[in-house]
Structure formats: C-alpha cells, structure tokens
Amino acid sequence: MPLIEIDPDLNRLALAEAAQLHPKFADRAISVVARPLLRGFAWQLEWEGEAPTGQEAWEFQNAAIRAYKRLAKISE
C-alpha cells in the first residue's frame with residue numbers, strides 16, 4: 001500500500017481550522033499523520049510533548065483530520 005505524503009501547506013491549514021474550534025491545543029499540535037495499517041491508515045496528530053487527553057483534545061484531533069482529508073480530497 002502506498003504511503004500518504006502529508007502536504008505541509010494543507011497540514012498548516014487543517015491545524016489552523018481545528019484551532020479556531022479548540023484554540024488551547026493550537027500550539028501543541030505539530031502535524032496530521034497517516035500511519036499505514038494492514039488495510040488503510042490510522043489518522044492521528046503528532047504532538048509536541050505528551051499528547052493531551054480528554055474530550056476536547058479528541059475533538060481537536062478529529063477536526064484537524066477531517067479538515068486535512070477534505071482539503072486533500074481524500075475519502076475513506
């Protein structure tokens with residue numbers, strides 16, 4: 001399965017979009033990543049330091065991933 005290369009410009013836009021909804025995580029999120037699985041990919045965020053926990057952190061991650069996939073025109 002081919003790897004998904006994360007476009008740095010789309011990554012920046014996706015993180016900025018998620019930060020509008022959940023600004024307290026904006027300075028800790030580094031990048032959207034797509035880790036290959038046996039089938040498909042596991043979409044995650046890379047964080048500076050330890051990943052935050054809680055519902056709002058989860059919602060920030062989901063917002064960033066949804067924004068990136070929309071901007072990159074990736075459907076799953």
# chains A, B, ... in the order shown; residues from 1 in each chain; ligands from 1
>>> residues_around(residues="segment 38-49 of chain A", least_positions_apart="4", cutoff="8 Å", atoms="only C-alpha atoms", output="PDB file with C-alpha atoms, in the first residue's frame")
ATOM      1  CA  ARG A  28       0.943  21.774  20.791  1.00  0.00           C
ATOM      2  CA  ALA A  29      -0.184  20.100  17.552  1.00  0.00           C
ATOM      3  CA  ILE A  30       2.656  19.504  15.095  1.00  0.00           C
ATOM      4  CA  SER A  31       1.187  17.585  12.170  1.00  0.00           C
ATOM      5  CA  VAL A  32      -1.515  15.330  10.822  1.00  0.00           C
ATOM      6  CA  VAL A  33      -0.064  11.865  10.138  1.00  0.00           C
ATOM      7  CA  ALA A  34      -1.387   8.806   8.330  1.00  0.00           C
ATOM      8  CA  GLN A  61      -7.691  15.903  16.628  1.00  0.00           C
ATOM      9  CA  ILE A  65      -8.018  15.184  10.489  1.00  0.00           C
TER      10      ILE A  65
END
>>> select_by_dssp(residues="chain A", states="strand (DSSP E or B)", output="PyMOL selection string")
chain A and resi 29-36+41-47
>>> write_last_selection(atoms="N, CA, C and O atoms", output="PDB file, in the first residue's frame")
ATOM      1  N   ALA A  29      -0.029  21.016  18.682  1.00  0.00           N
ATOM      2  CA  ALA A  29      -0.184  20.100  17.552  1.00  0.00           C
ATOM      3  C   ALA A  29       0.897  20.391  16.516  1.00  0.00           C
ATOM      4  O   ALA A  29       1.101  21.541  16.126  1.00  0.00           O
ATOM      5  N   ILE A  30       1.569  19.342  16.060  1.00  0.00           N
ATOM      6  CA  ILE A  30       2.656  19.504  15.095  1.00  0.00           C
ATOM      7  C   ILE A  30       2.186  19.180  13.682  1.00  0.00           C
ATOM      8  O   ILE A  30       2.409  19.941  12.754  1.00  0.00           O
ATOM      9  N   SER A  31       1.524  18.021  13.523  1.00  0.00           N
ATOM     10  CA  SER A  31       1.187  17.585  12.170  1.00  0.00           C
ATOM     11  C   SER A  31       0.133  16.494  12.183  1.00  0.00           C
ATOM     12  O   SER A  31       0.064  15.688  13.110  1.00  0.00           O
ATOM     13  N   VAL A  32      -0.642  16.469  11.108  1.00  0.00           N
ATOM     14  CA  VAL A  32      -1.515  15.330  10.822  1.00  0.00           C
ATOM     15  C   VAL A  32      -0.618  14.227  10.250  1.00  0.00           C
ATOM     16  O   VAL A  32       0.282  14.505   9.463  1.00  0.00           O
ATOM     17  N   VAL A  33      -0.829  12.994  10.676  1.00  0.00           N
ATOM     18  CA  VAL A  33      -0.064  11.865  10.138  1.00  0.00           C
ATOM     19  C   VAL A  33      -1.027  10.748   9.750  1.00  0.00           C
ATOM     20  O   VAL A  33      -2.104  10.609  10.332  1.00  0.00           O
ATOM     21  N   ALA A  34      -0.620   9.976   8.766  1.00  0.00           N
ATOM     22  CA  ALA A  34      -1.387   8.806   8.330  1.00  0.00           C
ATOM     23  C   ALA A  34      -0.466   7.598   8.461  1.00  0.00           C
ATOM     24  O   ALA A  34       0.463   7.422   7.683  1.00  0.00           O
ATOM     25  N   ARG A  35      -0.701   6.797   9.485  1.00  0.00           N
ATOM     26  CA  ARG A  35       0.135   5.625   9.731  1.00  0.00           C
ATOM     27  C   ARG A  35      -0.485   4.422   9.017  1.00  0.00           C
ATOM     28  O   ARG A  35      -1.652   4.117   9.222  1.00  0.00           O
ATOM     29  N   PRO A  36       0.303   3.745   8.163  1.00  0.00           N
ATOM     30  CA  PRO A  36      -0.254   2.614   7.415  1.00  0.00           C
ATOM     31  C   PRO A  36      -0.607   1.440   8.327  1.00  0.00           C
ATOM     32  O   PRO A  36       0.118   1.131   9.267  1.00  0.00           O
ATOM     33  N   PHE A  41      -5.334   3.316   6.750  1.00  0.00           N
ATOM     34  CA  PHE A  41      -4.427   4.138   7.533  1.00  0.00           C
ATOM     35  C   PHE A  41      -5.062   4.499   8.859  1.00  0.00           C
ATOM     36  O   PHE A  41      -6.275   4.602   8.966  1.00  0.00           O
ATOM     37  N   ALA A  42      -4.237   4.730   9.859  1.00  0.00           N
ATOM     38  CA  ALA A  42      -4.676   5.290  11.133  1.00  0.00           C
ATOM     39  C   ALA A  42      -4.305   6.767  11.100  1.00  0.00           C
ATOM     40  O   ALA A  42      -3.121   7.113  11.022  1.00  0.00           O
ATOM     41  N   TRP A  43      -5.288   7.621  11.097  1.00  0.00           N
ATOM     42  CA  TRP A  43      -5.056   9.060  11.064  1.00  0.00           C
ATOM     43  C   TRP A  43      -4.910   9.564  12.483  1.00  0.00           C
ATOM     44  O   TRP A  43      -5.735   9.258  13.349  1.00  0.00           O
ATOM     45  N   GLN A  44      -3.850  10.335  12.723  1.00  0.00           N
ATOM     46  CA  GLN A  44      -3.559  10.843  14.059  1.00  0.00           C
ATOM     47  C   GLN A  44      -2.905  12.209  13.947  1.00  0.00           C
ATOM     48  O   GLN A  44      -2.566  12.652  12.858  1.00  0.00           O
ATOM     49  N   LEU A  45      -2.704  12.822  15.102  1.00  0.00           N
ATOM     50  CA  LEU A  45      -1.898  14.041  15.163  1.00  0.00           C
ATOM     51  C   LEU A  45      -0.608  13.726  15.887  1.00  0.00           C
ATOM     52  O   LEU A  45      -0.596  12.919  16.820  1.00  0.00           O
ATOM     53  N   GLU A  46       0.458  14.359  15.454  1.00  0.00           N
ATOM     54  CA  GLU A  46       1.695  14.348  16.226  1.00  0.00           C
ATOM     55  C   GLU A  46       1.651  15.577  17.109  1.00  0.00           C
ATOM     56  O   GLU A  46       1.252  16.658  16.668  1.00  0.00           O
ATOM     57  N   TRP A  47       2.055  15.389  18.361  1.00  0.00           N
ATOM     58  CA  TRP A  47       2.001  16.467  19.340  1.00  0.00           C
ATOM     59  C   TRP A  47       3.408  16.805  19.816  1.00  0.00           C
ATOM     60  O   TRP A  47       4.284  15.944  19.850  1.00  0.00           O
TER      61      TRP A  47
END
>>> atom_distance(atom1="atom CA of Glu5 of chain A", atom2="atom CA of Arg70 of chain A")
14.9 Å
>>> select_by_dssp(residues="chain A", states="helix (DSSP H, G or I)", output="count of residues only")
34
>>> residues_around(residues="Ala14 of chain A", least_positions_apart="6", cutoff="7 Å", atoms="only C-alpha atoms", output="list in words")
Ala64, Ala67 and Tyr68 of chain A
>>> atom_distance(atom1="atom CA of Gln55 of chain A", atom2="atom CA of Ala26 of chain A")
15.4 Å
>>> atom_distance(atom1="atom CA of Pro52 of chain A", atom2="atom CA of Phe25 of chain A")
8.3 Å
>>> closest_residue(among="A:Leu3, A:Asn11, A:Pro23, A:Ala51", to="Ala72 of chain A", atoms="only C-alpha atoms")
A:Asn11
>>> closest_residue(among="A:Ile74, A:Glu50, A:Leu37, A:Ala19", to="Asn62 of chain A", atoms="only C-alpha atoms")
A:Ala19
